[in-house]
file target-v1.cif (mmCIF, C-alpha atoms)
data_input
#
loop_
_atom_site.label_atom_id
_atom_site.label_comp_id
_atom_site.auth_asym_id
_atom_site.auth_seq_id
_atom_site.Cartn_x
_atom_site.Cartn_y
_atom_site.Cartn_z
CA MET T 255 -26.09 -32.64 -6.74
CA ILE T 256 -24.97 -29.26 -8.06
CA ILE T 257 -21.66 -27.97 -6.70
CA LYS T 258 -20.59 -24.38 -7.30
CA ILE T 259 -17.13 -22.94 -6.80
CA LEU T 260 -17.32 -19.24 -5.96
CA GLY T 261 -14.33 -17.08 -6.80
CA PRO T 262 -12.96 -14.69 -9.40
CA GLY T 263 -10.37 -17.20 -10.65
CA CYS T 264 -7.48 -16.73 -8.27
CA THR T 265 -5.11 -19.53 -7.26
CA ASN T 266 -7.23 -20.47 -4.25
CA CYS T 267 -10.32 -20.91 -6.41
CA VAL T 268 -8.46 -23.15 -8.85
CA ASN T 269 -7.16 -25.21 -5.93
CA LEU T 270 -10.62 -25.54 -4.43
CA GLU T 271 -12.00 -26.74 -7.76
CA ARG T 272 -9.22 -29.33 -7.98
CA VAL T 273 -9.76 -30.78 -4.50
CA THR T 274 -13.52 -30.77 -5.06
CA ARG T 275 -13.18 -32.73 -8.31
CA GLU T 276 -10.88 -35.18 -6.51
CA ALA T 277 -13.40 -35.64 -3.71
CA VAL T 278 -16.29 -36.12 -6.13
CA ALA T 279 -14.33 -38.69 -8.13
CA GLU T 280 -13.35 -40.60 -4.99
CA LEU T 281 -16.92 -40.72 -3.75
CA GLY T 282 -18.20 -41.62 -7.19
CA ILE T 283 -21.22 -39.35 -6.79
CA ASP T 284 -23.13 -37.81 -9.63
CA ALA T 285 -22.36 -34.12 -9.33
CA GLU T 286 -22.25 -31.18 -11.66
CA ILE T 287 -19.46 -28.72 -10.89
CA GLU T 288 -19.92 -25.10 -11.94
CA LYS T 289 -17.75 -22.05 -11.49
CA VAL T 290 -19.24 -18.74 -10.37
CA THR T 291 -16.90 -15.84 -11.16
CA ASP T 292 -19.34 -12.94 -11.31
CA TYR T 293 -18.97 -10.74 -8.21
CA PRO T 294 -22.65 -9.84 -7.69
CA ALA T 295 -23.51 -13.54 -8.00
CA ILE T 296 -20.86 -14.44 -5.43
CA MET T 297 -22.20 -11.77 -3.09
CA GLY T 298 -25.68 -13.18 -3.66
CA TYR T 299 -24.52 -16.17 -1.62
CA GLY T 300 -23.25 -13.85 1.13
CA VAL T 301 -19.66 -14.96 0.59
CA MET T 302 -17.04 -12.27 1.27
CA SER T 303 -13.95 -14.38 1.60
CA THR T 304 -13.25 -16.37 -1.53
CA PRO T 305 -13.08 -19.15 -2.42
CA GLY T 306 -16.51 -20.43 -1.48
CA LEU T 307 -18.07 -23.84 -1.90
CA VAL T 308 -21.81 -24.10 -2.54
CA VAL T 309 -23.68 -27.41 -2.62
CA ASP T 310 -27.27 -27.36 -3.88
CA ASP T 311 -27.45 -23.59 -3.33
CA LYS T 312 -26.21 -23.77 0.24
CA VAL T 313 -22.83 -22.31 1.25
CA VAL T 314 -20.87 -25.01 3.06
CA LEU T 315 -17.43 -23.44 3.19
CA SER T 316 -15.71 -20.15 2.51
CA GLY T 317 -12.45 -18.32 3.00
CA ARG T 318 -10.01 -21.20 2.73
CA VAL T 319 -8.99 -24.15 0.65
CA PRO T 320 -9.74 -27.38 2.51
CA THR T 321 -8.05 -30.71 1.92
CA ALA T 322 -9.71 -33.18 -0.44
CA ALA T 323 -10.45 -35.35 2.61
CA LYS T 324 -12.32 -32.49 4.25
CA VAL T 325 -14.42 -31.88 1.13
CA ARG T 326 -15.16 -35.61 0.92
CA GLU T 327 -16.35 -35.53 4.53
CA LEU T 328 -18.57 -32.52 3.79
CA LEU T 329 -20.08 -34.06 0.66
CA GLU T 330 -20.65 -37.38 2.39
CA SER T 331 -22.54 -35.72 5.22
CA LEU T 332 -24.68 -33.90 2.66
CA THR T 333 -25.52 -36.93 0.54
CA GLY T 334 -26.50 -38.75 3.73
CA MET W 288 -0.81 -38.03 2.94
CA SER W 289 0.61 -34.53 3.31
CA VAL W 290 3.17 -33.50 5.91
CA ALA W 291 0.52 -31.41 7.63
CA GLU W 292 -1.77 -34.41 7.95
CA ARG W 293 0.97 -36.65 9.28
CA LEU W 294 2.03 -34.04 11.82
CA ARG W 295 -1.53 -33.41 12.84
CA PRO W 296 -1.85 -34.21 16.54
CA THR W 297 -4.93 -36.10 17.54
CA THR W 298 -5.04 -35.53 21.27
CA ALA W 299 -4.34 -32.62 23.58
CA THR W 300 -1.18 -34.25 24.98
CA ARG W 301 0.24 -35.02 21.57
CA ARG W 302 -0.66 -31.52 20.43
CA CYS W 303 1.25 -29.92 23.33
CA ALA W 304 4.21 -32.28 22.88
CA GLY W 305 4.32 -31.55 19.15
CA LEU W 306 4.18 -27.80 19.67
CA GLY W 307 6.80 -27.99 22.43
CA ALA W 308 9.19 -30.03 20.28
CA ALA W 309 8.69 -27.67 17.35
CA THR W 310 9.45 -24.65 19.59
CA VAL W 311 12.66 -26.24 20.93
CA ALA W 312 13.81 -27.20 17.43
CA TRP W 313 13.08 -23.68 16.20
CA LEU W 314 15.05 -22.03 19.03
CA ALA W 315 17.99 -24.43 18.57
CA LEU W 316 18.19 -23.72 14.83
CA TYR W 317 17.97 -19.99 15.44
CA GLU W 318 20.83 -20.13 17.94
CA VAL W 319 23.25 -22.24 15.85
CA ASN W 320 22.65 -20.25 12.63
CA LEU W 321 25.34 -17.59 13.19
CA PRO W 322 28.13 -19.84 14.58
CA LEU W 323 27.41 -22.40 11.85
CA TRP W 324 27.96 -19.97 8.97
CA ASP W 325 30.90 -18.27 10.72
CA TRP W 326 32.52 -21.68 10.92
CA LEU W 327 31.57 -22.89 7.43
CA VAL W 328 32.33 -19.74 5.46
CA TYR W 329 35.35 -18.44 7.37
CA ASP W 330 36.99 -21.58 8.79
CA VAL W 331 36.06 -24.45 6.47
CA VAL W 332 36.00 -22.61 3.13
CA GLY W 333 38.57 -20.12 4.35
CA LEU W 334 37.09 -16.85 3.05
CA ALA W 335 38.23 -13.75 4.93
CA PRO W 336 35.46 -12.08 6.99
CA ALA W 337 36.64 -8.67 5.81
CA SER W 338 36.65 -9.56 2.10
CA ARG W 339 33.79 -8.64 -0.21
CA LEU W 340 33.20 -12.23 -1.28
CA GLY W 341 33.43 -13.50 2.32
CA SER W 342 30.99 -11.02 3.82
CA GLY W 343 28.64 -11.29 0.82
CA VAL W 344 28.48 -15.09 0.91
CA HIS W 345 28.13 -15.14 4.69
CA PHE W 346 25.34 -12.53 4.55
CA PHE W 347 23.46 -14.54 1.91
CA PHE W 348 23.40 -17.88 3.78
CA TYR W 349 23.05 -16.52 7.31
CA ASP W 350 20.26 -14.15 6.29
CA SER W 351 18.34 -16.71 4.22
CA ILE W 352 18.15 -19.14 7.13
CA LYS W 353 17.40 -16.47 9.72
CA ILE W 354 14.61 -14.98 7.63
CA ALA W 355 13.13 -18.40 6.82
CA LEU W 356 13.05 -19.29 10.53
CA LEU W 357 11.44 -15.99 11.51
CA LEU W 358 8.83 -16.35 8.79
CA ILE W 359 7.92 -19.90 9.78
CA GLY W 360 7.53 -18.92 13.44
CA ILE W 361 5.56 -15.73 12.96
CA ILE W 362 3.31 -16.91 10.11
CA PHE W 363 2.32 -19.94 12.18
CA LEU W 364 1.56 -17.88 15.29
CA VAL W 365 -0.32 -15.19 13.43
CA THR W 366 -2.41 -17.68 11.44
CA VAL W 367 -3.47 -19.54 14.58
CA LEU W 368 -4.36 -16.27 16.35
CA ARG W 369 -6.15 -14.90 13.30
CA SER W 370 -8.26 -18.02 12.97
CA PHE W 371 -10.39 -16.46 15.71
CA MET W 372 -11.24 -13.55 13.41
CA SER W 373 -12.96 -13.48 10.04
CA VAL W 374 -13.95 -10.93 7.43
CA GLU W 375 -17.59 -11.67 8.26
CA ARG W 376 -17.08 -10.86 11.94
CA THR W 377 -15.10 -7.73 11.06
CA ARG W 378 -17.91 -6.47 8.88
CA ALA W 379 -20.44 -7.10 11.62
CA MET W 380 -18.29 -5.04 14.01
CA LEU W 381 -17.91 -2.19 11.50
CA GLY W 382 -21.58 -2.09 10.48
CA GLY W 383 -23.27 1.11 11.71
CA LYS W 384 -19.98 2.67 12.86
CA ARG W 385 -19.52 6.36 12.06
CA GLU W 386 -16.49 7.77 10.31
CA GLY W 387 -13.68 8.54 12.71
CA VAL W 388 -14.27 5.79 15.23
CA GLY W 389 -15.01 3.52 12.28
CA ASN W 390 -11.69 4.37 10.60
CA VAL W 391 -9.73 3.59 13.76
CA MET W 392 -11.54 0.27 14.21
CA ALA W 393 -11.21 -0.63 10.53
CA ALA W 394 -7.45 -0.05 10.54
CA GLY W 395 -7.02 -2.17 13.68
CA LEU W 396 -9.24 -4.92 12.31
CA GLY W 397 -7.38 -4.76 9.00
CA VAL W 398 -4.29 -5.92 10.87
CA VAL W 399 -5.89 -8.81 12.77
CA THR W 400 -8.35 -10.12 10.18
CA PRO W 401 -7.11 -12.97 7.99
CA PHE W 402 -7.36 -11.57 4.51
CA CYS W 403 -5.97 -12.36 1.10
CA SER W 404 -5.67 -9.60 -1.48
CA CYS W 405 -7.62 -11.80 -3.90
CA SER W 406 -10.64 -11.27 -1.62
CA ALA W 407 -10.28 -7.47 -1.79
CA VAL W 408 -13.13 -7.05 -4.27
CA PRO W 409 -15.74 -9.31 -2.60
CA ALA W 410 -14.85 -7.77 0.76
CA PHE W 411 -15.17 -4.26 -0.65
CA ILE W 412 -18.60 -5.03 -2.10
CA GLY W 413 -19.64 -6.83 1.07
CA PHE W 414 -18.66 -3.93 3.32
CA VAL W 415 -20.14 -1.15 1.19
CA ALA W 416 -23.34 -3.03 0.40
CA ALA W 417 -23.79 -3.66 4.13
CA GLY W 418 -23.61 0.08 4.81
CA VAL W 419 -20.05 0.41 6.04
CA PRO W 420 -18.95 3.93 4.92
CA LEU W 421 -16.57 4.08 1.92
CA GLY W 422 -13.75 5.74 3.87
CA VAL W 423 -13.97 3.16 6.66
CA THR W 424 -13.82 0.33 4.09
CA LEU W 425 -10.74 1.93 2.51
CA SER W 426 -9.05 2.20 5.94
CA PHE W 427 -9.45 -1.58 6.19
CA LEU W 428 -8.10 -2.17 2.69
CA ILE W 429 -5.04 0.04 3.32
CA ALA W 430 -4.13 -1.41 6.74
CA SER W 431 -4.49 -5.04 5.71
CA PRO W 432 -1.52 -5.30 3.32
CA LEU W 433 0.50 -2.51 4.98
CA VAL W 434 0.76 -4.01 8.45
CA ASN W 435 1.15 -7.70 7.69
CA GLU W 436 2.77 -10.58 9.52
CA VAL W 437 5.62 -11.04 7.05
CA ALA W 438 6.68 -7.39 7.40
CA ILE W 439 6.46 -7.57 11.19
CA ALA W 440 8.47 -10.82 11.37
CA LEU W 441 11.24 -9.47 9.20
CA LEU W 442 11.44 -5.98 10.70
CA PHE W 443 11.64 -7.48 14.15
CA GLY W 444 14.33 -9.96 13.15
CA LEU W 445 16.46 -7.50 11.22
CA PHE W 446 16.01 -4.22 13.11
CA GLY W 447 14.61 -5.10 16.54
CA ILE W 448 11.51 -3.99 18.39
CA GLY W 449 11.89 -0.20 18.00
CA PRO W 450 11.60 0.17 14.23
CA THR W 451 8.95 -2.59 14.20
CA LEU W 452 6.68 -0.66 16.57
CA LEU W 453 7.30 2.54 14.62
CA TYR W 454 6.33 0.80 11.41
CA VAL W 455 3.14 -0.70 12.87
CA CYS W 456 2.03 2.61 14.42
CA ALA W 457 2.85 4.55 11.25
CA GLY W 458 0.96 2.00 9.15
CA LEU W 459 -2.12 2.31 11.36
CA VAL W 460 -2.01 6.12 11.32
CA ILE W 461 -1.70 6.17 7.52
CA ALA W 462 -4.66 3.78 7.14
CA ILE W 463 -6.81 5.78 9.57
CA VAL W 464 -5.99 9.24 8.18
CA ALA W 465 -6.04 8.26 4.49
CA GLY W 466 -9.37 6.45 4.93
CA TYR W 467 -10.84 9.39 6.83
CA VAL W 468 -9.71 11.92 4.21
CA LEU W 469 -11.02 9.74 1.36
CA GLY W 470 -14.34 9.41 3.20
CA ARG W 471 -14.60 13.21 3.65
CA LEU W 472 -14.00 13.75 -0.07
CA ARG W 473 -17.38 12.13 -0.84
CA LEU W 474 -16.17 9.92 -3.64
CA GLU W 475 -19.16 7.58 -3.75
CA ARG W 476 -20.01 8.71 -7.29
CA TRP W 477 -16.79 7.05 -8.46
CA VAL W 478 -17.69 3.66 -7.10
CA GLU W 479 -19.12 1.37 -9.78
CA PRO W 480 -22.93 1.57 -9.38
CA PHE W 481 -23.41 -2.22 -9.25
CA VAL W 482 -21.72 -2.24 -5.82
CA PHE W 483 -24.59 -0.28 -4.28
CA GLU W 484 -27.17 -2.38 -6.11
CA THR W 485 -25.72 -5.69 -4.96
CA ARG W 486 -27.97 -7.48 -2.54
CA LEU W 487 -26.26 -9.70 -0.05
CA GLY W 488 -27.58 -13.22 0.21
CA GLY W 489 -29.26 -14.21 3.44
CA GLN W 490 -27.05 -17.04 4.54
CA VAL W 491 -23.81 -15.30 5.42
CA ILE W 492 -21.67 -17.92 7.07
CA ASP W 493 -18.77 -17.31 9.37
CA SER W 494 -15.85 -19.10 7.76
CA THR W 495 -14.16 -19.70 11.13
CA ALA W 496 -17.16 -21.11 12.95
CA GLY W 497 -16.69 -24.53 14.52
CA LEU W 498 -12.91 -24.81 14.19
CA THR W 499 -11.12 -26.98 16.72
CA TRP W 500 -7.61 -26.33 18.03
CA ASP W 501 -6.37 -29.10 15.77
CA ASP W 502 -7.95 -27.33 12.80
CA ARG W 503 -6.33 -24.03 13.76
CA ILE W 504 -2.88 -25.63 14.16
CA GLN W 505 -3.27 -27.40 10.86
CA MET W 506 -4.26 -24.10 9.23
CA GLY W 507 -1.10 -22.57 10.71
CA VAL W 508 1.13 -25.31 9.29
CA GLU W 509 -0.56 -25.10 5.88
CA GLU W 510 -0.34 -21.31 5.79
CA VAL W 511 3.42 -21.43 6.46
CA GLY W 512 3.75 -23.70 3.41
CA VAL W 513 1.48 -21.58 1.23
CA ILE W 514 3.20 -18.28 2.06
CA LEU W 515 6.74 -19.68 1.79
CA ARG W 516 5.92 -21.22 -1.60
CA LYS W 517 4.58 -17.87 -2.73
CA ILE W 518 7.36 -15.60 -1.47
CA TRP W 519 10.57 -17.62 -1.82
CA PRO W 520 11.50 -16.27 -5.26
CA TYR W 521 11.08 -12.69 -4.00
CA LEU W 522 13.04 -13.54 -0.90
CA LEU W 523 15.97 -15.05 -2.81
CA VAL W 524 16.15 -12.14 -5.26
CA GLY W 525 15.95 -9.69 -2.34
CA ILE W 526 18.65 -11.43 -0.35
CA GLY W 527 20.81 -11.81 -3.46
CA LEU W 528 20.54 -8.08 -4.21
CA GLY W 529 21.13 -7.34 -0.54
CA ALA W 530 24.25 -9.50 -0.52
CA ALA W 531 25.53 -7.80 -3.67
CA ILE W 532 24.99 -4.35 -2.18
CA HIS W 533 26.49 -5.53 1.07
CA GLY W 534 29.67 -6.82 -0.50
CA TRP W 535 30.22 -4.77 -3.63
CA ALA W 536 28.48 -1.38 -3.65
CA PRO W 537 30.91 1.44 -2.81
CA GLU W 538 30.47 2.72 0.72
CA ASP W 539 29.12 6.15 -0.16
CA PHE W 540 27.27 5.28 -3.39
CA PHE W 541 23.74 5.30 -1.98
CA THR W 542 24.20 7.97 0.65
CA ARG W 543 25.46 10.33 -2.03
CA TYR W 544 22.22 10.03 -4.03
CA ALA W 545 19.57 9.11 -1.47
CA GLY W 546 21.10 10.11 1.84
CA GLU W 547 20.15 12.94 4.15
CA GLY W 548 21.68 15.43 1.75
CA ASN W 549 18.88 14.88 -0.78
CA PRO W 550 15.60 16.51 0.33
CA PHE W 551 13.63 14.63 -2.35
CA ALA W 552 14.89 11.19 -1.37
CA VAL W 553 11.69 10.10 0.41
CA LEU W 554 9.45 11.36 -2.37
CA ILE W 555 11.49 9.59 -5.03
CA ALA W 556 11.65 6.39 -2.99
CA VAL W 557 7.83 6.35 -2.70
CA LEU W 558 7.30 7.12 -6.40
CA ILE W 559 9.61 4.22 -7.31
CA GLY W 560 7.94 1.95 -4.76
CA ILE W 561 4.29 2.38 -5.81
CA PRO W 562 4.34 0.54 -9.16
CA LEU W 563 6.80 -2.08 -7.91
CA TYR W 564 5.15 -5.36 -7.09
CA SER W 565 6.86 -7.33 -4.42
CA ASN W 566 6.16 -8.11 -0.84
CA ALA W 567 7.81 -7.47 2.48
CA ALA W 568 9.90 -10.62 2.06
CA GLY W 569 11.54 -9.36 -1.11
CA ILE W 570 11.98 -5.81 0.10
CA LEU W 571 13.37 -6.20 3.61
CA PRO W 572 16.72 -7.86 2.83
CA LEU W 573 17.28 -4.95 0.45
CA VAL W 574 16.23 -2.45 3.10
CA GLU W 575 18.66 -4.04 5.56
CA ALA W 576 21.59 -3.84 3.15
CA LEU W 577 20.79 -0.22 2.24
CA HIS W 578 20.47 0.66 5.92
CA ASP W 579 23.93 -0.81 6.52
CA LYS W 580 25.15 1.46 3.75
CA GLY W 581 23.93 4.46 5.70
CA LEU W 582 20.54 5.28 4.19
CA PRO W 583 18.12 6.84 6.71
CA MET W 584 15.41 4.61 8.17
CA GLY W 585 12.54 6.96 7.23
CA THR W 586 13.41 6.83 3.53
CA LEU W 587 13.69 3.04 3.64
CA LEU W 588 10.44 2.45 5.56
CA ALA W 589 8.60 4.80 3.20
CA PHE W 590 9.97 2.86 0.22
CA MET W 591 8.89 -0.44 1.77
CA MET W 592 5.39 0.86 2.63
CA ALA W 593 4.90 2.13 -0.92
CA VAL W 594 5.85 -1.27 -2.31
CA VAL W 595 3.61 -3.38 -0.04
CA ALA W 596 0.60 -1.04 0.33
CA LEU W 597 0.18 0.03 -3.27
CA SER W 598 0.83 -2.21 -6.23
CA LEU W 599 -0.29 -2.31 -9.83
CA PRO W 600 -1.96 -5.78 -9.69
CA GLU W 601 -4.04 -4.81 -6.66
CA LEU W 602 -5.11 -1.54 -8.28
CA ILE W 603 -6.12 -3.42 -11.43
CA LEU W 604 -8.21 -5.73 -9.25
CA LEU W 605 -9.87 -2.76 -7.53
CA ARG W 606 -10.68 -1.25 -10.94
CA ARG W 607 -13.60 -3.72 -11.02
CA VAL W 608 -15.32 -1.73 -8.27
CA LEU W 609 -13.67 1.71 -8.36
CA LYS W 610 -13.62 4.18 -11.25
CA PRO W 611 -10.20 5.55 -12.32
CA PRO W 612 -10.56 8.98 -10.58
CA LEU W 613 -11.13 7.22 -7.26
CA ILE W 614 -8.18 4.89 -7.80
CA VAL W 615 -5.93 7.87 -8.57
CA THR W 616 -7.19 9.72 -5.46
CA PHE W 617 -6.71 6.58 -3.38
CA VAL W 618 -3.09 6.22 -4.52
CA ALA W 619 -2.39 9.95 -4.11
CA VAL W 620 -3.79 10.20 -0.57
CA THR W 621 -2.16 6.98 0.64
CA GLY W 622 1.13 7.88 -1.08
CA ALA W 623 1.09 11.35 0.52
CA GLY W 624 0.62 9.74 3.94
CA ILE W 625 3.60 7.44 3.34
CA VAL W 626 5.78 10.34 2.19
CA ALA W 627 4.83 12.35 5.30
CA VAL W 628 5.71 9.42 7.57
CA GLY W 629 9.06 9.01 5.79
CA TYR W 630 10.03 12.64 6.35
CA LEU W 631 8.80 12.53 9.94
CA PHE W 632 10.94 9.46 10.72
CA ASN W 633 13.98 10.99 9.08
CA ALA W 634 13.51 14.11 11.21
CA VAL W 635 12.86 12.25 14.47
CA LEU W 636 15.17 9.23 14.26
CA PRO W 637 18.86 9.75 14.98
#
call {"tool": "encode", "arguments": {"input": "target-v1.cif", "output": "structure tokens"}}
result
Amino acid sequence: MIIKILGPGCTNCVNLERVTREAVAELGIDAEIEKVTDYPAIMGYGVMSTPGLVVDDKVVLSGRVPTAAKVRELLESLTG
Amino acid sequence: MSVAERLRPTTATRRCAGLGAATVAWLALYEVNLPLWDWLVYDVVGLAPASRLGSGVHFFFYDSIKIALLLIGIIFLVTVLRSFMSVERTRAMLGGKREGVGNVMAAGLGVVTPFCSCSAVPAFIGFVAAGVPLGVTLSFLIASPLVNEVAIALLFGLFGIGPTLLYVCAGLVIAIVAGYVLGRLRLERWVEPFVFETRLGGQVIDSTAGLTWDDRIQMGVEEVGVILRKIWPYLLVGIGLGAAIHGWAPEDFFTRYAGEGNPFAVLIAVLIGIPLYSNAAGILPLVEALHDKGLPMGTLLAFMMAVVALSLPELILLRRVLKPPLIVTFVAVTGAGIVAVGYLFNAVLP
């Protein structure tokens, strides 16, 4: 699983990365977490409100920082 | 488990009961605030209401609590209401709109769309790349910080409904006119070329799709925490300065230099306000104290608008997509609008 955090590096993006890492650690899944800070690349995903969360090249969340529990729920539903 | 999660109601009944209890508690606190500090400062501690120290200390505590309560109430309400809007939906509504109508819509949407200044650049690219005219996009970017919930909450609490409505209308007019003028100037050549070359990905998702009422309420509670954590230092400094001015500054000190007698007061206030980086929370306690000292409302509102609408960090952020001549024009046109509004208010208001 490849998880990407979209955002130029503002507080919200840092927070999203933190809760995502927490969720991944709790689930014990094998995931690679990358940061995407380049604006054209962010727009390439159609995300206009940062931060955005992309799992395996699919945008699953944008515009707000969810709780770690919410991210865990999202990742669980995606891993099946 | 966070406070928000523990408070999170799970059924409709519990949700209503929780909201009802919170409303009652809020009203009760708001009502006892003044008598409480009258009693504590004047009766228990024994400071004289007419003394500098007494009125300064009273102002500081009473105002801090009042402002905190207003902020909590209004931020919560606005966040829940705004959760029905999103930048994605706003762009869809603005797509294909002509200048003029588009500027009016963009300014209005700038007020109601949930938007953080850190998203200014992606939103700018997203709007322009989707064919929203440059001037219309700028109307949105001006209105969004200018007419914000924190400013509205504080203006309403400190000055009442009249000045609040004036401020909101003036903010909208500035955003509409400045955006329209900037659009007419044909400044597209000063937008970084990569903006026009950016291709939007296919799967644009609406960030507010599928939210339940519980989600929206939880977002409201979280947003109150996030904003208060962000603005409390500004608020304390502002209230502290306000209290100092309130208690210690000589009665005619400010009116002598920035009162109605000085025709350049508004211009100077705006020039000082532009580079200053603060937010409505830090500025309004100061505005209140200066107003008590007899400064005209137009000068003060213009100062506040210059501080919240234009700031160095935001301009540095926008430099990623706008070339310097466009940034300078943007600041000049918006600043001129704020100055005009300041003089107009000073002329019209008693």
call {"tool": "atom_distance", "arguments": {"input": "target-v1.cif", "atom1": "CA of Leu452 (chain W)", "atom2": "CA of Leu588 (chain W)"}}
result
12.0 Å
call {"tool": "interface_residues", "arguments": {"input": "target-v1.cif", "of": "chain T", "to": "chain W", "cutoff": "12 Å", "atoms": "all atoms listed in the file", "output": "PyMOL selection string"}}
result
chain T and resi 260-267+269+291-308+311-324
call {"tool": "atom_distance", "arguments": {"input": "target-v1.cif", "atom1": "CA of Ala623 (chain W)", "atom2": "CA of Val553 (chain W)"}}
result
10.7 Å
call {"tool": "closest_residue", "arguments": {"input": "target-v1.cif", "among": "W:Val344, W:Ile625, W:Val419, W:Val328", "to": "Gly529 (chain W)", "atoms": "only C-alpha atoms"}}
result
W:Val344
call {"tool": "residues_around", "arguments": {"input": "target-v1.cif", "residues": "region 425-431 of chain W", "least_positions_apart": "5", "cutoff": "6 Å", "atoms": "all atoms listed in the file", "output": "list in words"}}
result
Asn390, Ala393, Ala394, Gly397, Val398, Ala462, Ile463 and Gly466 of chain W
call {"tool": "residues_near_point", "arguments": {"input": "target-v1.cif", "point": "(-22.2, -44.5, -4.4)", "cutoff": "12 Å", "atoms": "all atoms listed in the file", "output": "PyMOL selection string"}}
result
chain T and resi 278-285+329-330+333-334
call {"tool": "resolve_selection", "arguments": {"input": "target-v1.cif", "expression": "the PyMOL selection byres ((chain W and resi 370) around 9)", "output": "compact mmCIF listing (two decimals) with C-alpha atoms, in the frame of the given file"}}
result
# COMPACT_ATOMS: atom_id res chain seq x y z
CA VAL W 365 -0.32 -15.19 13.43
CA THR W 366 -2.41 -17.68 11.44
CA VAL W 367 -3.47 -19.54 14.58
CA LEU W 368 -4.36 -16.27 16.35
CA ARG W 369 -6.15 -14.90 13.30
CA PHE W 371 -10.39 -16.46 15.71
CA MET W 372 -11.24 -13.55 13.41
CA SER W 373 -12.96 -13.48 10.04
CA THR W 400 -8.35 -10.12 10.18
CA PRO W 401 -7.11 -12.97 7.99
CA THR W 495 -14.16 -19.70 11.13
CA LEU W 498 -12.91 -24.81 14.19
CA ARG W 503 -6.33 -24.03 13.76
CA MET W 506 -4.26 -24.10 9.23
CA GLY W 507 -1.10 -22.57 10.71
call {"tool": "resolve_selection", "arguments": {"input": "target-v1.cif", "expression": "the PyMOL selection byres ((chain W and resi 595) around 7)", "output": "MDAnalysis selection string"}}
result
chainID W and resid 432:433 565:567 591:594 596:598
call {"tool": "residues_around", "arguments": {"input": "target-v1.cif", "residues": "Trp477 (chain W)", "least_positions_apart": "3", "cutoff": "9 Å", "atoms": "only C-alpha atoms", "output": "number ranges by chain"}}
result
W: 474, 480, 608-614
call {"tool": "resolve_selection", "arguments": {"input": "target-v1.cif", "expression": "the PyMOL selection byres ((chain T and resi 286) around 9)", "output": "list of chain:residue names"}}
result
T:Met255, T:Ile256, T:Ile257, T:Lys258, T:Asp284, T:Ala285, T:Ile287, T:Glu288
call {"tool": "residues_around", "arguments": {"input": "target-v1.cif", "residues": "Pro572 (chain W)", "least_positions_apart": "6", "cutoff": "10 Å", "atoms": "all atoms listed in the file", "output": "CSV table (one decimal) with C-alpha atoms, keeping the file's coordinate frame"}}
result
chain,number,residue,atom,x,y,z
W,346,PHE,CA,25.3,-12.5,4.6
W,347,PHE,CA,23.5,-14.5,1.9
W,350,ASP,CA,20.3,-14.2,6.3
W,351,SER,CA,18.3,-16.7,4.2
W,354,ILE,CA,14.6,-15.0,7.6
W,441,LEU,CA,11.2,-9.5,9.2
W,442,LEU,CA,11.4,-6.0,10.7
W,445,LEU,CA,16.5,-7.5,11.2
W,522,LEU,CA,13.0,-13.5,-0.9
W,523,LEU,CA,16.0,-15.0,-2.8
W,524,VAL,CA,16.2,-12.1,-5.3
W,525,GLY,CA,16.0,-9.7,-2.3
W,526,ILE,CA,18.6,-11.4,-0.4
W,527,GLY,CA,20.8,-11.8,-3.5
W,528,LEU,CA,20.5,-8.1,-4.2
W,529,GLY,CA,21.1,-7.3,-0.5
W,530,ALA,CA,24.2,-9.5,-0.5
W,578,HIS,CA,20.5,0.7,5.9
call {"tool": "atom_distance", "arguments": {"input": "target-v1.cif", "atom1": "CA of Ile352 (chain W)", "atom2": "CA of Trp519 (chain W)"}}
result
11.8 Å
call {"tool": "residues_around", "arguments": {"input": "target-v1.cif", "residues": "Ile359 (chain W)", "least_positions_apart": "6", "cutoff": "9 Å", "atoms": "only C-alpha atoms", "output": "list of chain:residue names"}}
result
W:Val508, W:Val511, W:Gly512, W:Leu515
call {"tool": "closest_residue", "arguments": {"input": "target-v1.cif", "among": "W:Val437, W:Leu604, W:Cys456, W:Ala304", "to": "Ile361 (chain W)", "atoms": "all atoms listed in the file"}}
result
W:Val437
call {"tool": "closest_residue", "arguments": {"input": "target-v1.cif", "among": "W:Leu358, W:Thr542, W:Phe617, W:Tyr317", "to": "Phe443 (chain W)", "atoms": "all atoms listed in the file"}}
result
W:Leu358
call {"tool": "closest_residue", "arguments": {"input": "target-v1.cif", "among": "W:Lys517, W:Leu563, W:Met584, W:Pro420", "to": "Ala545 (chain W)", "atoms": "all atoms listed in the file"}}
result
W:Met584
call {"tool": "build_atoms", "arguments": {"input": "target-v1.cif", "residues": "region 393-397 of chain W", "atoms": "N, CA and C atoms", "output": "CSV table (one decimal), in the coordinates of the input"}}
result
chain,number,residue,atom,x,y,z
W,393,ALA,N,-11.5,0.1,11.8
W,393,ALA,CA,-11.2,-0.6,10.5
W,393,ALA,C,-9.7,-0.9,10.3
W,394,ALA,N,-8.9,0.1,10.7
W,394,ALA,CA,-7.4,0.0,10.5
W,394,ALA,C,-7.0,-1.2,11.5
W,395,GLY,N,-7.4,-1.1,12.7
W,395,GLY,CA,-7.0,-2.2,13.7
W,395,GLY,C,-7.5,-3.6,13.2
W,396,LEU,N,-8.7,-3.6,12.8
W,396,LEU,CA,-9.2,-4.9,12.3
W,396,LEU,C,-8.5,-5.4,11.0
W,397,GLY,N,-8.1,-4.4,10.2
W,397,GLY,CA,-7.4,-4.8,9.0
W,397,GLY,C,-6.1,-5.5,9.3
